[in-house]
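The file coords.cif contains mmCIF, C-alpha atoms:
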data_input
loop_
_atom_site.label_atom_id
_atom_site.label_comp_id
_atom_site.auth_asym_id
_atom_site.auth_seq_id
_atom_site.Cartn_x
_atom_site.Cartn_y
_atom_site.Cartn_z
CA GLY A 1 178.62 -0.17 -6.73
CA ASP A 2 179.03 1.34 -3.29
CA VAL A 3 176.03 2.85 -1.66
CA GLU A 4 176.68 6.31 -0.09
CA LEU A 5 175.56 6.10 3.48
CA ASN A 6 175.08 9.88 4.04
CA PRO A 7 174.25 11.45 0.79
CA GLY A 8 173.41 14.94 2.32
CA PRO A 9 170.93 17.43 0.84
CA PRO A 10 169.95 17.02 -2.70
CA PRO A 11 172.16 18.84 -5.13
CA THR A 12 171.20 22.47 -5.80
CA ASP A 13 171.24 24.19 -9.13
CA ILE A 14 173.88 26.88 -8.66
CA ARG A 15 173.32 28.42 -12.10
CA PRO A 16 172.32 32.10 -12.09
CA ASN A 17 168.62 32.83 -11.84
CA THR A 18 168.15 34.02 -15.37
CA ARG A 19 164.64 35.25 -14.72
CA LEU A 20 165.70 37.47 -11.80
CA MET A 21 168.63 38.83 -13.69
CA SER A 22 166.39 39.57 -16.59
CA LEU A 23 164.00 41.47 -14.32
CA SER A 24 166.85 43.42 -12.69
CA GLN A 25 168.35 44.33 -16.03
CA SER A 26 164.93 45.37 -17.20
CA LYS A 27 164.47 47.49 -14.07
CA LEU A 28 167.84 49.12 -14.50
CA SER A 29 167.12 49.67 -18.13
CA TRP A 30 163.75 51.28 -17.25
CA ASP A 31 165.23 53.51 -14.55
CA LYS A 32 167.89 54.72 -16.89
CA GLY A 33 165.32 55.50 -19.55
CA ASP A 34 163.13 57.28 -17.07
CA ASN A 35 166.02 59.38 -15.81
CA ASP A 36 166.91 60.34 -19.34
CA ALA A 37 163.31 61.34 -20.03
CA LEU A 38 163.18 63.29 -16.79
CA SER A 39 166.43 65.01 -17.58
CA ARG A 40 165.13 65.95 -20.99
CA THR A 41 161.91 67.28 -19.44
CA LEU A 42 163.82 69.30 -16.89
CA GLN A 43 166.04 70.62 -19.63
CA GLU A 44 163.00 71.62 -21.64
CA ILE A 45 161.49 73.35 -18.59
CA ARG A 46 164.77 75.15 -17.98
CA SER A 47 164.86 76.17 -21.62
CA GLU A 48 161.31 77.53 -21.33
CA MET A 49 162.05 79.26 -18.01
CA THR A 50 165.12 81.02 -19.33
CA PRO A 51 163.18 83.48 -21.54
CA MET A 52 160.56 83.81 -18.79
CA SER A 53 163.29 84.77 -16.33
CA THR A 54 164.69 87.13 -18.89
CA ASN A 55 161.23 88.66 -19.41
CA MET A 56 160.67 88.91 -15.67
CA LEU A 57 164.02 90.60 -15.23
CA ALA A 58 163.15 93.00 -18.03
CA MET A 59 159.76 93.67 -16.43
CA LYS A 60 161.44 94.22 -13.07
CA THR A 61 163.89 96.62 -14.67
CA GLU A 62 161.04 98.38 -16.46
CA MET A 63 159.04 98.59 -13.21
CA THR A 64 162.08 100.03 -11.48
CA GLY A 65 162.27 102.66 -14.20
CA VAL A 66 158.55 103.35 -13.91
CA ASN A 67 158.84 103.73 -10.14
CA GLN A 68 161.76 106.07 -10.59
CA ASN A 69 159.76 108.11 -13.09
CA ILE A 70 156.83 108.18 -10.66
CA ASP A 71 159.14 109.35 -7.88
CA LYS A 72 160.46 112.08 -10.17
CA LEU A 73 156.93 113.12 -11.07
CA ASN A 74 155.97 113.15 -7.39
CA ASP A 75 158.99 115.31 -6.63
CA LYS A 76 158.01 117.67 -9.45
CA LEU A 77 154.41 117.75 -8.23
CA ASP A 78 155.51 118.42 -4.66
CA SER A 79 157.76 121.19 -5.88
CA LYS A 80 154.94 122.61 -8.02
CA ILE A 81 152.50 122.43 -5.12
CA ASP A 82 154.99 124.22 -2.88
CA MET A 83 155.42 126.93 -5.50
CA LEU A 84 151.64 127.26 -5.91
CA GLN A 85 151.20 127.52 -2.15
CA ILE A 86 153.82 130.25 -2.00
CA GLU A 87 152.19 132.07 -4.92
CA ASN A 88 148.76 131.66 -3.33
CA LYS A 89 150.07 133.08 -0.07
CA GLN A 90 151.62 136.01 -1.93
CA LEU A 91 148.38 136.61 -3.85
CA LYS A 92 146.38 136.53 -0.62
CA SER A 93 148.78 139.03 0.87
CA ARG A 94 148.38 141.28 -2.18
CA VAL A 95 144.59 140.97 -2.02
CA VAL A 96 144.61 141.91 1.65
CA SER A 97 146.91 144.83 0.89
CA LEU A 98 144.64 145.99 -1.95
CA GLU A 99 141.56 145.60 0.24
CA ASN A 100 143.23 147.69 2.92
CA GLN A 101 144.10 150.36 0.35
CA VAL A 102 140.53 150.39 -0.98
CA ASP A 103 139.21 150.55 2.56
CA LYS A 104 141.47 153.50 3.33
CA ILE A 105 140.29 155.29 0.18
CA GLU A 106 136.66 154.61 1.09
CA ALA A 107 137.24 155.70 4.68
CA SER A 108 138.84 158.90 3.41
CA SER A 109 135.80 159.58 1.21
CA ARG A 110 133.56 159.13 4.28
CA LYS A 111 135.60 161.21 6.73
CA ASN A 112 133.26 164.22 6.50
CA ASN A 113 130.14 162.06 6.80
CA LEU A 114 127.86 161.52 9.77
CA LEU A 115 124.92 159.14 10.21
CA PHE A 116 121.80 160.66 11.76
CA MET A 117 119.38 158.05 13.15
CA GLY A 118 115.87 158.54 14.48
CA VAL A 119 114.70 161.33 12.17
CA ASP A 120 111.28 160.52 10.68
CA ASP A 121 111.49 160.07 6.91
CA LYS A 122 107.85 160.74 6.05
CA PRO A 123 107.11 163.97 4.15
CA SER A 124 105.90 166.43 6.75
CA ASP A 125 105.61 170.04 7.74
CA VAL A 126 109.21 171.11 8.27
CA ASN A 127 108.07 173.32 11.14
CA ASN A 128 107.06 170.18 13.00
CA VAL A 129 109.64 167.86 11.55
CA PHE A 130 110.01 165.74 14.67
CA GLU A 131 106.31 165.00 14.96
CA ASP A 132 104.36 162.72 12.65
CA ILE A 133 101.68 165.24 11.62
CA SER A 134 102.02 164.87 7.87
CA ASN A 135 99.17 166.29 5.86
CA LYS A 136 100.61 164.89 2.62
CA SER A 137 99.87 161.60 0.93
CA SER A 138 101.44 158.72 2.85
CA ASN A 139 102.99 157.28 -0.31
CA GLN A 140 104.68 160.53 -1.32
CA LYS A 141 108.45 160.33 -1.14
CA GLU A 142 110.58 162.69 0.90
CA SER A 143 112.55 165.10 -1.28
CA TRP A 144 116.24 165.91 -0.79
CA GLU A 145 115.30 169.48 0.15
CA GLU A 146 112.98 168.20 2.88
CA CYS A 147 115.63 165.78 4.13
CA GLU A 148 118.24 168.57 4.33
CA MET A 149 115.79 170.88 6.08
CA LYS A 150 115.11 168.18 8.67
CA ILE A 151 118.86 167.90 9.36
CA ARG A 152 119.20 171.67 9.79
CA LEU A 153 116.25 171.73 12.18
CA PHE A 154 117.80 168.78 14.01
CA LEU A 155 121.06 170.69 14.44
CA GLU A 156 119.18 173.69 15.77
CA SER A 157 116.48 172.07 17.93
CA VAL A 158 117.89 168.75 19.13
CA LEU A 159 121.64 169.42 19.25
CA GLU A 160 121.07 173.07 20.29
CA LEU A 161 123.79 174.38 18.00
CA GLY A 162 121.82 177.54 17.32
CA LYS A 163 119.85 178.83 14.37
CA GLU A 164 122.78 180.65 12.80
CA PHE A 165 124.97 177.54 12.70
CA ALA A 166 122.09 175.35 11.49
CA GLU A 167 121.26 177.71 8.62
CA ASN A 168 124.82 178.49 7.54
CA VAL A 169 126.67 175.19 7.99
CA GLN A 170 127.70 173.94 4.55
CA ILE A 171 126.18 170.54 3.76
CA GLU A 172 127.51 168.94 0.61
CA HIS A 173 125.16 166.00 0.36
CA VAL A 174 122.19 164.44 2.20
CA GLN A 175 120.81 160.98 1.49
CA ARG A 176 118.63 158.40 3.18
CA VAL A 177 120.07 154.90 3.59
CA ARG A 178 118.11 152.35 1.60
CA GLY A 179 115.74 150.24 3.65
CA THR A 180 112.15 149.54 4.59
CA GLU A 181 112.09 150.80 8.17
CA ARG A 182 110.16 153.97 8.99
CA LYS A 183 113.09 156.02 10.26
CA ARG A 184 115.90 155.24 7.89
CA PRO A 185 119.32 156.71 8.78
CA ILE A 186 120.44 159.85 6.94
CA ILE A 187 123.98 160.17 5.62
CA VAL A 188 125.12 163.80 5.79
CA ARG A 189 128.34 164.98 4.21
CA PHE A 190 129.63 168.26 5.61
CA LEU A 191 131.89 170.41 3.51
CA SER A 192 134.06 171.19 6.52
CA TYR A 193 135.69 168.47 8.61
CA ARG A 194 135.72 170.92 11.52
CA ASP A 195 131.93 171.35 11.34
CA ARG A 196 131.51 167.59 11.17
CA ASN A 197 133.60 167.11 14.32
CA LEU A 198 131.69 169.86 16.15
CA VAL A 199 128.36 168.18 15.35
CA LEU A 200 129.68 164.74 16.39
CA LYS A 201 131.14 166.03 19.67
CA THR A 202 127.93 167.91 20.50
CA ALA A 203 125.78 164.88 19.68
CA LYS A 204 127.82 162.65 22.01
CA ASN A 205 127.12 165.03 24.89
CA ILE A 206 123.51 165.96 24.11
CA LEU A 207 122.28 162.51 23.05
CA LYS A 208 124.10 160.51 25.70
CA GLN A 209 120.83 159.51 27.38
CA SER A 210 118.59 159.71 24.31
CA GLN A 211 116.51 156.68 23.36
CA THR A 212 115.31 158.28 20.10
CA TYR A 213 118.23 159.87 18.29
CA ARG A 214 121.82 158.94 17.58
CA VAL A 215 124.62 160.49 15.54
CA ASN A 216 127.50 158.22 14.52
CA GLU A 217 130.50 158.26 12.25
CA ASP A 218 129.98 156.78 8.78
CA PHE A 219 132.34 153.82 8.95
CA THR A 220 133.18 151.46 6.10
CA PRO A 221 131.61 147.96 6.21
CA SER A 222 134.89 146.36 7.33
CA VAL A 223 135.28 148.85 10.18
CA ARG A 224 131.66 148.32 11.24
CA THR A 225 132.25 144.57 11.34
CA ALA A 226 135.43 145.00 13.40
CA ARG A 227 133.69 147.32 15.87
CA LYS A 228 130.81 144.87 16.22
CA ASN A 229 133.27 142.08 17.05
CA LEU A 230 135.15 144.31 19.51
CA SER A 231 132.03 145.49 21.36
CA PRO A 232 131.82 142.50 23.79
CA PHE A 233 135.46 142.99 24.76
CA LEU A 234 134.84 146.71 25.29
CA LEU A 235 131.92 146.00 27.65
CA ARG A 236 133.90 143.34 29.52
CA ALA A 237 136.89 145.65 29.98
CA ARG A 238 134.61 148.46 31.11
CA GLU A 239 132.97 146.17 33.70
CA ASN A 240 136.46 145.33 34.99
CA GLY A 241 137.10 149.02 35.58
CA SER A 242 139.46 149.59 32.67
CA LYS A 243 139.54 152.81 30.68
CA VAL A 244 138.32 151.85 27.21
CA SER A 245 137.38 153.46 23.91
CA MET A 246 137.02 152.61 20.23
CA ARG A 247 139.33 154.01 17.61
CA GLN A 248 138.03 153.12 14.16
CA ASP A 249 138.52 149.34 13.93
CA LYS A 250 140.65 149.09 17.08
CA LEU A 251 139.99 148.91 20.81
CA LEU A 252 141.95 150.98 23.31
CA ILE A 253 142.16 149.40 26.78
CA ASP A 254 144.28 151.19 29.39
CA SER A 255 146.55 152.75 26.74
CA LYS A 256 146.99 149.42 24.92
CA LEU A 257 145.62 149.03 21.40
CA TYR A 258 143.90 145.82 20.29
CA THR A 259 142.40 144.39 17.09
CA PHE A 260 140.00 141.50 16.59
CA ASP A 261 141.52 138.33 15.14
CA GLU A 262 139.13 136.35 12.93
CA GLU A 263 140.97 133.03 13.33
CA THR A 264 141.19 133.00 17.13
CA GLN A 265 137.98 135.01 17.63
CA ASP A 266 139.87 136.99 20.24
CA ILE A 267 141.61 140.32 20.54
CA GLN A 268 145.34 140.74 19.94
CA GLU A 269 147.52 143.60 21.05
CA VAL A 270 148.82 145.83 18.29
CA THR A 271 152.57 146.36 18.34
CA ARG A 272 153.14 150.05 17.97
CA LYS A 273 156.01 151.10 15.74
#
Write out the structure in this file as structure tokens.
Amino acid sequence: GDVELNPGPPPTDIRPNTRLMSLSQSKLSWDKGDNDALSRTLQEIRSEMTPMSTNMLAMKTEMTGVNQNIDKLNDKLDSKIDMLQIENKQLKSRVVSLENQVDKIEASSRKNNLLFMGVDDKPSDVNNVFEDISNKSSNQKESWEECEMKIRLFLESVLELGKEFAENVQIEHVQRVRGTERKRPIIVRFLSYRDRNLVLKTAKNILKQSQTYRVNEDFTPSVRTARKNLSPFLLRARENGSKVSMRQDKLLIDSKLYTFDEETQDIQEVTRK
């Protein structure tokens, strides 16, 4: 037969590559199976998360309720605290009022009293009461009669009120203040407020320069404390040339009345009604 001069490239097998197709189909088949498994897994996770979400929502709702209850409790506590503070303030005010009433009652009971300081409290010869010439035992206590006699002699000899006044002035009670010092103050209660004022006025004039004796009003502890706190302000005002004086627990400076304030540790003017 005829010989083909240009036969060209050898014939190629144009049949599908069965091996490649098999691999591709296998790959597609695997991917589809994997996606199905993944979908199922995701579905399972979603199924498990649904009750968790529900529980979390319930917990959130419960927490919201708890927080609301806490807020309500806090509001109630704040309200209760406010009420307690108001009640405490009212009670403090009542206590102060009661203390003032008690202080007034005590001051009234002391209004006829005077404190005599500097009188020797050893038992001694009443004729030489102002000299320590006791012939009695040093541990013998002074009797009330001796104490009263010393006051009467004091009125006569030191305050120069005269023998008649000293012997006849009515003294209701005489008592030494408790203490360990040698010359303990004597509290004297006069029956007459007029006699008490006469003795006090005379003592202020006679004993002005005395370094031994003093006669003072018998103030309550609260008044004594107030006067002690006011003393520096009195001295300062006096040094500045002001006209000053004490009136119970108040300080009078140039016709203005002041009290001592514990919180500010300063004096405050009293508003007169």
Take the PyMOL selection byres ((chain A and resi 268) around 6), apply it to the structure above, and return the hits as a PyMOL selection string. chain A and resi 258-259+267+269
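Put simply, CA of Glu262 in chain A is 16.7 Å away from CA of Leu234 in chain A.
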For range 164-176 of chain A, find every residue with an atom within 12 Å (counting only C-alpha atoms), except residues of its own chain fewer than 6 positions away, and show them as a PyMOL selection string. chain A and resi 110+112-122+141-158+182-196+198-199
Mind writing the picked residues with C-alpha atoms as a PDB file, keeping the file's coordinate frame?
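Saved as out_12.pdb:
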ATOM      1  CA  ARG A 110     133.560 159.130   4.280  1.00  0.00           C
ATOM      2  CA  ASN A 112     133.260 164.220   6.500  1.00  0.00           C
ATOM      3  CA  ASN A 113     130.140 162.060   6.800  1.00  0.00           C
ATOM      4  CA  LEU A 114     127.860 161.520   9.770  1.00  0.00           C
ATOM      5  CA  LEU A 115     124.920 159.140  10.210  1.00  0.00           C
ATOM      6  CA  PHE A 116     121.800 160.660  11.760  1.00  0.00           C
ATOM      7  CA  MET A 117     119.380 158.050  13.150  1.00  0.00           C
ATOM      8  CA  GLY A 118     115.870 158.540  14.480  1.00  0.00           C
ATOM      9  CA  VAL A 119     114.700 161.330  12.170  1.00  0.00           C
ATOM     10  CA  ASP A 120     111.280 160.520  10.680  1.00  0.00           C
ATOM     11  CA  ASP A 121     111.490 160.070   6.910  1.00  0.00           C
ATOM     12  CA  LYS A 122     107.850 160.740   6.050  1.00  0.00           C
ATOM     13  CA  LYS A 141     108.450 160.330  -1.140  1.00  0.00           C
ATOM     14  CA  GLU A 142     110.580 162.690   0.900  1.00  0.00           C
ATOM     15  CA  SER A 143     112.550 165.100  -1.280  1.00  0.00           C
ATOM     16  CA  TRP A 144     116.240 165.910  -0.790  1.00  0.00           C
ATOM     17  CA  GLU A 145     115.300 169.480   0.150  1.00  0.00           C
ATOM     18  CA  GLU A 146     112.980 168.200   2.880  1.00  0.00           C
ATOM     19  CA  CYS A 147     115.630 165.780   4.130  1.00  0.00           C
ATOM     20  CA  GLU A 148     118.240 168.570   4.330  1.00  0.00           C
ATOM     21  CA  MET A 149     115.790 170.880   6.080  1.00  0.00           C
ATOM     22  CA  LYS A 150     115.110 168.180   8.670  1.00  0.00           C
ATOM     23  CA  ILE A 151     118.860 167.900   9.360  1.00  0.00           C
ATOM     24  CA  ARG A 152     119.200 171.670   9.790  1.00  0.00           C
ATOM     25  CA  LEU A 153     116.250 171.730  12.180  1.00  0.00           C
ATOM     26  CA  PHE A 154     117.800 168.780  14.010  1.00  0.00           C
ATOM     27  CA  LEU A 155     121.060 170.690  14.440  1.00  0.00           C
ATOM     28  CA  GLU A 156     119.180 173.690  15.770  1.00  0.00           C
ATOM     29  CA  SER A 157     116.480 172.070  17.930  1.00  0.00           C
ATOM     30  CA  VAL A 158     117.890 168.750  19.130  1.00  0.00           C
ATOM     31  CA  ARG A 182     110.160 153.970   8.990  1.00  0.00           C
ATOM     32  CA  LYS A 183     113.090 156.020  10.260  1.00  0.00           C
ATOM     33  CA  ARG A 184     115.900 155.240   7.890  1.00  0.00           C
ATOM     34  CA  PRO A 185     119.320 156.710   8.780  1.00  0.00           C
ATOM     35  CA  ILE A 186     120.440 159.850   6.940  1.00  0.00           C
ATOM     36  CA  ILE A 187     123.980 160.170   5.620  1.00  0.00           C
ATOM     37  CA  VAL A 188     125.120 163.800   5.790  1.00  0.00           C
ATOM     38  CA  ARG A 189     128.340 164.980   4.210  1.00  0.00           C
ATOM     39  CA  PHE A 190     129.630 168.260   5.610  1.00  0.00           C
ATOM     40  CA  LEU A 191     131.890 170.410   3.510  1.00  0.00           C
ATOM     41  CA  SER A 192     134.060 171.190   6.520  1.00  0.00           C
ATOM     42  CA  TYR A 193     135.690 168.470   8.610  1.00  0.00           C
ATOM     43  CA  ARG A 194     135.720 170.920  11.520  1.00  0.00           C
ATOM     44  CA  ASP A 195     131.930 171.350  11.340  1.00  0.00           C
ATOM     45  CA  ARG A 196     131.510 167.590  11.170  1.00  0.00           C
ATOM     46  CA  LEU A 198     131.690 169.860  16.150  1.00  0.00           C
ATOM     47  CA  VAL A 199     128.360 168.180  15.350  1.00  0.00           C
TER      48      VAL A 199
END
Polymer residues at most 9 Å from Leu235 in chain A, all atoms listed in the file, same-chain spacing of 5 or more positions, as number ranges by chain: A: 230, 240, 244
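Computed from the coordinates, the CA of Thr54 in chain A to CA of Ser39 in chain A distance equals 22.2 Å.
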Can you measure CA of Ala203 in chain A to CA of Asp218 in chain A for me? One decimal in Å is fine. 14.2 Å
Enumerate, as a PyMOL selection string, the residues matched when the PyMOL selection byres ((chain A and resi 219) around 12) is run on the file above. chain A and resi 103-115+187+216-218+220-228+247-249
For Asp266 in chain A, which residue out of A:Asn197, A:Asn229, A:Gln211, A:Ser242 is the nearest one, using only C-alpha atoms?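 Comparing A:Asn197, A:Asn229, A:Gln211, A:Ser242 against Asp266 in chain A, the winner is A:Asn229.
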Box for range 88-104 of chain A: with edges along x, y and z, all listed atoms inside and 4 Å added on each side, what are the centre and edge lengths in Å to one decimal, as lines of an AutoDock Vina configuration file?
center_x = 145.4
center_y = 142.6
center_z = -0.3
size_x = 20.4
size_y = 29.8
size_z = 15.2
